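Quick look at coords-v4.tsv (TSV, C-alpha atoms and all ligand atoms):
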chain	number	residue	atom	x	y	z
V	101	MET	CA	-10.53	-64.84	50.48
V	102	ARG	CA	-8.84	-61.60	49.37
V	103	THR	CA	-5.11	-62.00	48.78
V	104	PRO	CA	-3.40	-59.00	50.34
V	105	VAL	CA	-1.38	-56.69	48.11
V	106	ILE	CA	1.69	-54.68	49.08
V	107	ALA	CA	2.54	-52.26	46.28
V	108	GLY	CA	5.47	-49.88	46.13
V	109	ASN	CA	5.00	-46.68	44.19
V	110	TRP	CA	8.50	-45.41	43.55
V	111	LYS	CA	7.22	-42.10	42.12
V	112	LEU	CA	10.01	-40.01	40.52
V	113	PHE	CA	12.90	-41.83	42.18
V	114	LYS	CA	15.61	-44.32	41.21
V	115	THR	CA	17.89	-44.33	38.20
V	116	ALA	CA	18.56	-47.74	36.67
V	117	PRO	CA	21.55	-48.63	38.89
V	118	GLU	CA	19.62	-47.49	41.97
V	119	ALA	CA	16.55	-49.46	40.91
V	120	ILE	CA	18.54	-52.63	40.32
V	121	GLY	CA	20.28	-52.15	43.66
V	122	LEU	CA	16.92	-51.84	45.41
V	123	VAL	CA	15.35	-54.95	43.90
V	124	THR	CA	18.55	-56.97	44.30
V	125	GLY	CA	18.36	-56.18	48.00
V	126	LEU	CA	14.63	-56.80	48.21
V	127	VAL	CA	14.32	-60.18	46.52
V	128	PRO	CA	16.16	-62.24	49.18
V	129	LEU	CA	14.39	-60.42	52.02
V	130	ILE	CA	10.96	-61.55	50.83
V	131	ALA	CA	11.89	-64.91	49.30
V	132	GLY	CA	9.66	-67.64	50.63
V	133	LYS	CA	6.89	-65.25	51.65
V	134	SER	CA	3.63	-66.46	50.16
V	135	GLY	CA	0.01	-65.38	50.33
V	136	VAL	CA	0.74	-61.77	49.38
V	137	GLU	CA	0.81	-60.09	45.98
V	138	VAL	CA	3.92	-57.90	45.82
V	139	VAL	CA	3.96	-55.12	43.24
V	140	ILE	CA	6.57	-52.46	42.47
V	141	ALA	CA	6.04	-49.43	40.26
V	142	PRO	CA	9.29	-47.90	38.98
V	143	VAL	CA	9.54	-45.04	36.47
V	144	PHE	CA	8.90	-45.96	32.82
V	145	THR	CA	12.54	-45.78	31.78
V	146	VAL	CA	13.70	-48.58	34.10
V	147	LEU	CA	10.74	-50.97	33.73
V	148	ASP	CA	12.44	-53.27	31.29
V	149	ARG	CA	15.64	-53.52	33.33
V	150	VAL	CA	13.75	-54.06	36.58
V	151	ARG	CA	11.77	-56.77	34.83
V	152	SER	CA	14.99	-58.72	34.26
V	153	ALA	CA	16.16	-58.14	37.82
V	154	ILE	CA	12.93	-59.53	39.37
V	155	ALA	CA	12.52	-62.46	36.97
V	156	GLY	CA	11.47	-65.56	38.89
V	157	SER	CA	10.96	-63.67	42.17
V	158	GLY	CA	7.16	-63.52	41.97
V	159	ILE	CA	7.24	-59.71	42.26
V	160	HIS	CA	4.81	-58.02	39.86
V	161	LEU	CA	5.80	-55.02	37.78
V	162	ALA	CA	3.57	-51.94	37.55
V	163	ALA	CA	3.71	-48.62	35.76
V	164	GLN	CA	2.69	-45.41	37.50
V	165	ASP	CA	0.31	-44.25	34.77
V	166	CYS	CA	-0.72	-44.99	31.20
V	167	PHE	CA	-2.54	-43.34	28.30
V	168	TRP	CA	-5.82	-44.64	26.92
V	169	GLU	CA	-4.92	-44.93	23.24
V	170	GLU	CA	-2.99	-47.92	21.96
V	171	GLU	CA	-0.80	-45.87	19.60
V	172	GLY	CA	-0.85	-42.70	17.54
V	173	ALA	CA	0.32	-39.10	17.48
V	174	PHE	CA	0.34	-38.58	21.26
V	175	THR	CA	3.80	-37.26	22.09
V	176	GLY	CA	5.07	-38.26	25.49
V	177	GLU	CA	2.45	-40.88	26.26
V	178	VAL	CA	2.80	-44.61	26.93
V	179	SER	CA	0.03	-47.09	26.14
V	180	PRO	CA	-1.13	-50.16	28.07
V	181	LYS	CA	0.08	-52.37	25.23
V	182	MET	CA	3.57	-50.88	25.57
V	183	LEU	CA	3.53	-51.43	29.32
V	184	ILE	CA	2.74	-55.09	28.79
V	185	ASP	CA	5.58	-55.18	26.27
V	186	ALA	CA	7.88	-53.80	28.99
V	187	GLY	CA	6.82	-56.55	31.40
V	188	CYS	CA	4.07	-54.85	33.38
V	189	THR	CA	1.09	-56.74	34.77
V	190	HIS	CA	-0.25	-53.81	36.81
V	191	VAL	CA	-0.68	-50.06	36.41
V	192	ILE	CA	-1.46	-47.29	38.89
V	193	ILE	CA	-4.22	-45.00	37.61
V	194	GLY	CA	-5.59	-41.80	39.12
V	195	HIS	CA	-2.91	-41.18	41.74
V	196	SER	CA	-3.63	-37.94	43.59
V	197	GLU	CA	-0.33	-36.47	42.39
V	198	ARG	CA	-1.51	-36.94	38.82
V	199	ARG	CA	-4.89	-35.42	39.66
V	200	GLN	CA	-3.18	-32.51	41.48
V	201	TYR	CA	-0.27	-31.67	39.17
V	202	PHE	CA	-1.16	-33.13	35.78
V	203	GLY	CA	-4.83	-32.36	35.35
V	204	GLU	CA	-6.22	-35.88	35.72
V	205	THR	CA	-9.97	-35.89	36.17
V	206	ASP	CA	-12.44	-38.66	36.92
V	207	ALA	CA	-13.15	-38.70	33.16
V	208	THR	CA	-9.52	-39.23	32.12
V	209	VAL	CA	-9.03	-41.75	34.92
V	210	ASN	CA	-12.07	-43.61	33.60
V	211	ARG	CA	-10.72	-43.75	30.03
V	212	LYS	CA	-7.40	-45.06	31.31
V	213	ILE	CA	-9.04	-47.73	33.47
V	214	HIS	CA	-11.02	-48.97	30.46
V	215	ALA	CA	-7.97	-49.07	28.20
V	216	ALA	CA	-5.78	-50.78	30.81
V	217	GLY	CA	-8.47	-53.37	31.47
V	218	VAL	CA	-8.97	-54.13	27.79
V	219	ALA	CA	-5.20	-54.62	27.43
V	220	GLY	CA	-5.24	-57.07	30.35
V	221	LEU	CA	-3.48	-55.00	33.01
V	222	THR	CA	-4.56	-55.05	36.64
V	223	VAL	CA	-5.38	-51.51	37.71
V	224	LEU	CA	-4.50	-49.91	41.03
V	225	PHE	CA	-7.24	-47.28	40.99
V	226	CYS	CA	-6.50	-44.44	43.43
V	227	VAL	CA	-9.08	-42.34	45.25
V	228	GLY	CA	-8.88	-40.07	48.26
V	229	GLU	CA	-9.92	-36.76	49.73
V	230	THR	CA	-7.86	-33.66	50.47
V	231	LEU	CA	-7.55	-32.23	53.98
V	232	GLU	CA	-10.00	-29.45	53.09
V	233	GLU	CA	-12.52	-31.98	51.85
V	234	ARG	CA	-12.17	-34.06	55.02
V	235	GLU	CA	-12.42	-31.06	57.32
V	236	SER	CA	-15.54	-29.80	55.55
V	237	GLY	CA	-17.21	-33.18	56.02
V	238	ASN	CA	-17.05	-34.15	52.36
V	239	THR	CA	-14.91	-37.28	52.47
V	240	PHE	CA	-17.68	-39.69	51.55
V	241	ASN	CA	-19.07	-37.43	48.81
V	242	VAL	CA	-15.62	-37.13	47.24
V	243	LEU	CA	-15.03	-40.88	47.40
V	244	ARG	CA	-18.46	-41.60	45.94
V	245	THR	CA	-17.86	-39.21	43.03
V	246	GLN	CA	-14.36	-40.53	42.32
V	247	ILE	CA	-15.52	-44.15	42.41
V	248	ALA	CA	-18.60	-43.62	40.26
V	249	GLY	CA	-16.65	-41.47	37.78
V	250	GLY	CA	-13.55	-43.62	37.60
V	251	LEU	CA	-15.49	-46.86	37.22
V	252	ALA	CA	-18.25	-45.60	34.89
V	253	GLY	CA	-19.00	-48.32	32.36
V	254	VAL	CA	-16.55	-50.75	33.95
V	255	GLY	CA	-18.43	-54.05	34.13
V	256	THR	CA	-18.44	-56.73	36.79
V	257	ALA	CA	-16.04	-58.98	34.85
V	258	ALA	CA	-13.54	-56.14	34.39
V	259	MET	CA	-13.66	-55.45	38.15
V	260	GLU	CA	-11.75	-58.69	38.70
V	261	ARG	CA	-8.70	-56.75	37.53
V	262	VAL	CA	-9.31	-53.60	39.56
V	263	ILE	CA	-7.75	-52.98	42.95
V	264	VAL	CA	-8.88	-49.81	44.71
V	265	ALA	CA	-6.33	-47.76	46.64
V	266	TYR	CA	-7.65	-45.34	49.24
V	267	GLU	CA	-5.04	-42.64	49.65
V	268	PRO	CA	-6.14	-39.63	51.69
V	269	VAL	CA	-4.15	-36.77	50.14
V	270	TRP	CA	-3.36	-35.30	53.56
V	271	ALA	CA	-1.60	-38.52	54.57
V	272	ILE	CA	0.65	-38.82	51.51
V	273	GLY	CA	4.29	-38.01	52.19
V	274	THR	CA	3.35	-36.07	55.31
V	275	GLY	CA	4.16	-38.65	57.95
V	276	ARG	CA	0.58	-38.17	59.09
V	277	THR	CA	-1.09	-41.57	58.61
V	278	ALA	CA	-4.83	-41.97	58.88
V	279	SER	CA	-5.65	-43.71	62.13
V	280	ASP	CA	-6.64	-47.35	61.84
V	281	GLU	CA	-10.24	-46.30	62.52
V	282	GLN	CA	-10.25	-43.48	59.95
V	283	ALA	CA	-8.83	-45.79	57.32
V	284	GLN	CA	-11.22	-48.65	58.14
V	285	GLU	CA	-14.19	-46.25	58.02
V	286	ALA	CA	-13.22	-45.05	54.54
V	287	HIS	CA	-12.53	-48.58	53.32
V	288	ALA	CA	-15.88	-49.81	54.59
V	289	PHE	CA	-17.54	-46.92	52.78
V	290	ILE	CA	-15.70	-47.76	49.54
V	291	ARG	CA	-16.77	-51.39	49.87
V	292	SER	CA	-20.38	-50.31	50.40
V	293	GLU	CA	-20.16	-48.20	47.23
V	294	LEU	CA	-18.84	-51.21	45.32
V	295	HIS	CA	-21.75	-53.18	46.76
V	296	SER	CA	-24.24	-50.63	45.41
V	297	LEU	CA	-22.58	-50.57	41.99
V	298	TYR	CA	-21.72	-54.25	41.54
V	299	GLY	CA	-23.45	-56.31	44.21
V	300	PRO	CA	-22.16	-58.44	47.08
V	301	ALA	CA	-19.76	-60.79	45.27
V	302	THR	CA	-17.67	-58.05	43.66
V	303	ALA	CA	-17.77	-55.94	46.83
V	304	ALA	CA	-16.48	-58.89	48.85
V	305	ALA	CA	-13.80	-59.86	46.33
V	306	THR	CA	-12.28	-56.46	45.49
V	307	ARG	CA	-9.04	-55.62	47.25
V	308	ILE	CA	-8.93	-52.16	48.82
V	309	LEU	CA	-5.47	-50.90	49.77
V	310	TYR	CA	-4.59	-48.08	52.10
V	311	GLY	CA	-1.92	-45.56	51.09
V	312	GLY	CA	-0.43	-42.57	52.90
V	313	SER	CA	2.67	-42.71	55.12
V	314	VAL	CA	2.53	-46.49	55.54
V	315	LYS	CA	5.63	-47.59	57.46
V	316	PRO	CA	6.87	-50.65	59.34
V	317	GLU	CA	5.58	-49.01	62.55
V	318	ASN	CA	1.96	-48.67	61.43
V	319	ILE	CA	1.35	-51.51	58.97
V	320	GLY	CA	0.24	-53.95	61.67
V	321	GLY	CA	-2.73	-51.89	62.85
V	322	LEU	CA	-3.82	-51.01	59.34
V	323	ILE	CA	-3.65	-54.51	57.89
V	324	ALA	CA	-5.61	-55.88	60.86
V	325	GLN	CA	-8.70	-53.88	59.82
V	326	ASN	CA	-11.49	-55.88	58.21
V	327	ASP	CA	-11.64	-53.91	54.98
V	328	ILE	CA	-7.95	-53.11	54.51
V	329	ASP	CA	-6.39	-55.60	52.11
V	330	GLY	CA	-2.88	-54.21	51.89
V	331	ALA	CA	-1.01	-51.02	51.19
V	332	LEU	CA	0.17	-48.72	48.43
V	333	VAL	CA	3.46	-47.41	49.73
V	334	GLY	CA	5.58	-44.45	48.65
V	335	GLY	CA	8.55	-43.49	50.79
V	336	ALA	CA	8.91	-46.79	52.64
V	337	SER	CA	9.07	-48.68	49.32
V	338	LEU	CA	12.33	-46.96	48.38
V	339	LYS	CA	14.42	-49.02	50.78
V	340	ALA	CA	14.57	-52.80	50.54
V	341	GLU	CA	14.57	-53.26	54.33
V	342	SER	CA	11.45	-51.21	55.07
V	343	PHE	CA	9.49	-52.52	52.08
V	344	ALA	CA	10.38	-56.09	53.05
V	345	VAL	CA	9.00	-55.51	56.55
V	346	LEU	CA	5.71	-54.39	55.01
V	347	VAL	CA	5.56	-57.40	52.71
V	348	ASN	CA	6.34	-59.80	55.54
V	349	ALA	CA	3.68	-58.17	57.75
V	350	ALA	CA	0.91	-58.78	55.22
G	401	LIG	P1	3.92	-42.16	51.06
G	401	LIG	O1	3.92	-43.61	51.53
G	401	LIG	O2	5.28	-41.63	50.80
G	401	LIG	O3	3.09	-41.30	51.96
G	401	LIG	O4	3.18	-42.15	49.63
G	401	LIG	C1	1.96	-42.79	49.49
G	401	LIG	C2	1.60	-42.84	48.06
G	401	LIG	O5	1.30	-41.83	47.45
G	401	LIG	C3	1.64	-44.15	47.37
G	401	LIG	O6	1.05	-44.07	46.12
Please rewrite the model in this file as structure tokens.
Ligand code: 13P
Amino acid sequence: MRTPVIAGNWKLFKTAPEAIGLVTGLVPLIAGKSGVEVVIAPVFTVLDRVRSAIAGSGIHLAAQDCFWEEEGAFTGEVSPKMLIDAGCTHVIIGHSERRQYFGETDATVNRKIHAAGVAGLTVLFCVGETLEERESGNTFNVLRTQIAGGLAGVGTAAMERVIVAYEPVWAIGTGRTASDEQAQEAHAFIRSELHSLYGPATAAATRILYGGSVKPENIGGLIAQNDIDGALVGGASLKAESFAVLVNAA
């Protein structure tokens, strides 16, 4: 009942010609694949051009972040309304790199999730523990705090446009993927938290993606887990061939 999602987070990569080259290669490799929601998240400056390049392909366009105000004196920010204007249907919020390097907190993540939802964007809401937190036995506490904080005041109806992405920080860009069992355990915990907050229907309907060194070699085991509904992919989304393998595996 949950449509799987394969989302590529391009992070700070790809100029416009590179971005167009990537999607031009990708589109034919996944043409005809149905039953999976494919999302790509380029940098802000190429969104509009990528939008044209993926027109008619069924690929959804995401931004990697947004601000919570619609407009105003907020130098350097981009609002949900502007993302929609650039062709986005999705937005990543609360990525660990934003929490780590740009001071994002559960409170700012929460404001952004509200604003994105009001604007009509589907949110890829990222959570995940650091290695230290895992090794000190705090994984579930961290996830509980991030989920409760990020989703504070987000109602059941708004949850229809929230996708949760579990990205253990120690697995991002390290080549060290969580094992299928570690990932499934965390996903099941996240689903149980959604059950406590929203009840059984929302818990059963919400997609929970795994992120952290997802590659063609490990997607099969991850996607086979009961509570893993797809992947949020960094490195392997930067090449058409590897991203297409992930899409076609879902
Ligand atoms: P990698 O797939 O490069 O580990 O990145 C994961 C990620 O952070 C996706 O948002």
query: Can you tell me, as a VMD selection string, which residues sit within 9 Å of (5.0, -50.1, 34.4) in the file's frame, using all atoms listed in the file?
result: chain V and resid 140 to 144 146 to 148 161 to 166 180 182 to 184 186 to 192
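With only C-alpha atoms and all ligand atoms as the basis for measurement, V:Gly228 is the residue among V:Gly158, V:Gly250, V:Gly228, V:Gly176 that approaches ligand LIG 401 (chain G) most closely.
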Counting all atoms listed in the file, which residues of chain V sit at most 10 Å from some atom of ligand LIG 401 (chain G), and what is each one's closest atom pair with its distance in Å to one decimal, listed by chain and rising residue number, as a Markdown table?
| residue | atom | partner | partner_atom | distance |
| --- | --- | --- | --- | --- |
| V:Ala107 | CA | G:LIG401 | C3 | 8.2 |
| V:Gly108 | CA | G:LIG401 | C3 | 7.0 |
| V:Asn109 | CA | G:LIG401 | O6 | 5.1 |
| V:Trp110 | CA | G:LIG401 | C3 | 8.0 |
| V:Lys111 | CA | G:LIG401 | O6 | 7.6 |
| V:Ala141 | CA | G:LIG401 | O6 | 9.4 |
| V:Gln164 | CA | G:LIG401 | O6 | 8.9 |
| V:Ile192 | CA | G:LIG401 | O6 | 8.3 |
| V:Gly194 | CA | G:LIG401 | O6 | 9.9 |
| V:His195 | CA | G:LIG401 | O6 | 6.6 |
| V:Ser196 | CA | G:LIG401 | O5 | 7.4 |
| V:Glu197 | CA | G:LIG401 | O5 | 7.5 |
| V:Leu224 | CA | G:LIG401 | O6 | 9.5 |
| V:Cys226 | CA | G:LIG401 | O6 | 8.0 |
| V:Ala265 | CA | G:LIG401 | O6 | 8.3 |
| V:Tyr266 | CA | G:LIG401 | O6 | 9.3 |
| V:Glu267 | CA | G:LIG401 | O5 | 6.8 |
| V:Pro268 | CA | G:LIG401 | O5 | 8.8 |
| V:Val269 | CA | G:LIG401 | O5 | 7.9 |
| V:Trp270 | CA | G:LIG401 | O3 | 9.0 |
| V:Ala271 | CA | G:LIG401 | O3 | 6.0 |
| V:Ile272 | CA | G:LIG401 | O3 | 3.5 |
| V:Gly273 | CA | G:LIG401 | O3 | 3.5 |
| V:Thr274 | CA | G:LIG401 | O3 | 6.2 |
| V:Gly275 | CA | G:LIG401 | O3 | 6.6 |
| V:Arg276 | CA | G:LIG401 | O3 | 8.2 |
| V:Thr277 | CA | G:LIG401 | O3 | 7.9 |
| V:Tyr310 | CA | G:LIG401 | C3 | 8.8 |
| V:Gly311 | CA | G:LIG401 | C1 | 5.0 |
| V:Gly312 | CA | G:LIG401 | O3 | 3.9 |
| V:Ser313 | CA | G:LIG401 | O3 | 3.5 |
| V:Val314 | CA | G:LIG401 | O1 | 5.1 |
| V:Lys315 | CA | G:LIG401 | O1 | 7.3 |
| V:Ala331 | CA | G:LIG401 | C3 | 8.3 |
| V:Leu332 | CA | G:LIG401 | C3 | 4.9 |
| V:Val333 | CA | G:LIG401 | O1 | 4.2 |
| V:Gly334 | CA | G:LIG401 | O1 | 3.4 |
| V:Gly335 | CA | G:LIG401 | O2 | 3.8 |
| V:Ala336 | CA | G:LIG401 | O1 | 6.0 |
| V:Ser337 | CA | G:LIG401 | O1 | 7.6 |
| V:Leu338 | CA | G:LIG401 | O2 | 9.2 |
task: Could you tell me how far atom CA of Arg244 of chain V lies from atom CA of Met101 of chain V, in Å and to one decimal?
output: 25.0 Å
message: Using all atoms listed in the file, which protein or nucleic acid residues come within 7 Å of Glu229 of chain V? Drop anything in the same chain fewer than 3 positions from it, and give the result as a VMD selection string.
response: chain V and resid 233 to 234 239 242 to 243 268 to 269
message: Rounded to one decimal, what separation in Å do you get between atom CA of Ala301 of chain V and atom CA of Lys181 of chain V?
response: 29.4 Å
field: Contacts of Ala131 of chain V within 12 Å, only C-alpha atoms, excl. fewer than 3 positions in-chain, as a list in words
entry: Val123, Thr124, Gly125, Leu126, Val127, Pro128, Ser134, Gly135, Val136, Val138, Ile154, Gly156, Ser157, Gly158, Ile159, Ala344, Val347 and Asn348 of chain V
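The closest residue to Leu294 of chain V, picked from V:Ala324, V:Val150, V:Ile263, V:Ile247 and counting all atoms listed in the file, is V:Ile247.
Proximity ranking of V:Thr103, V:Lys212, V:Asp327, V:His160 relative to Glu177 of chain V places V:Lys212 first, based on all atoms listed in the file.
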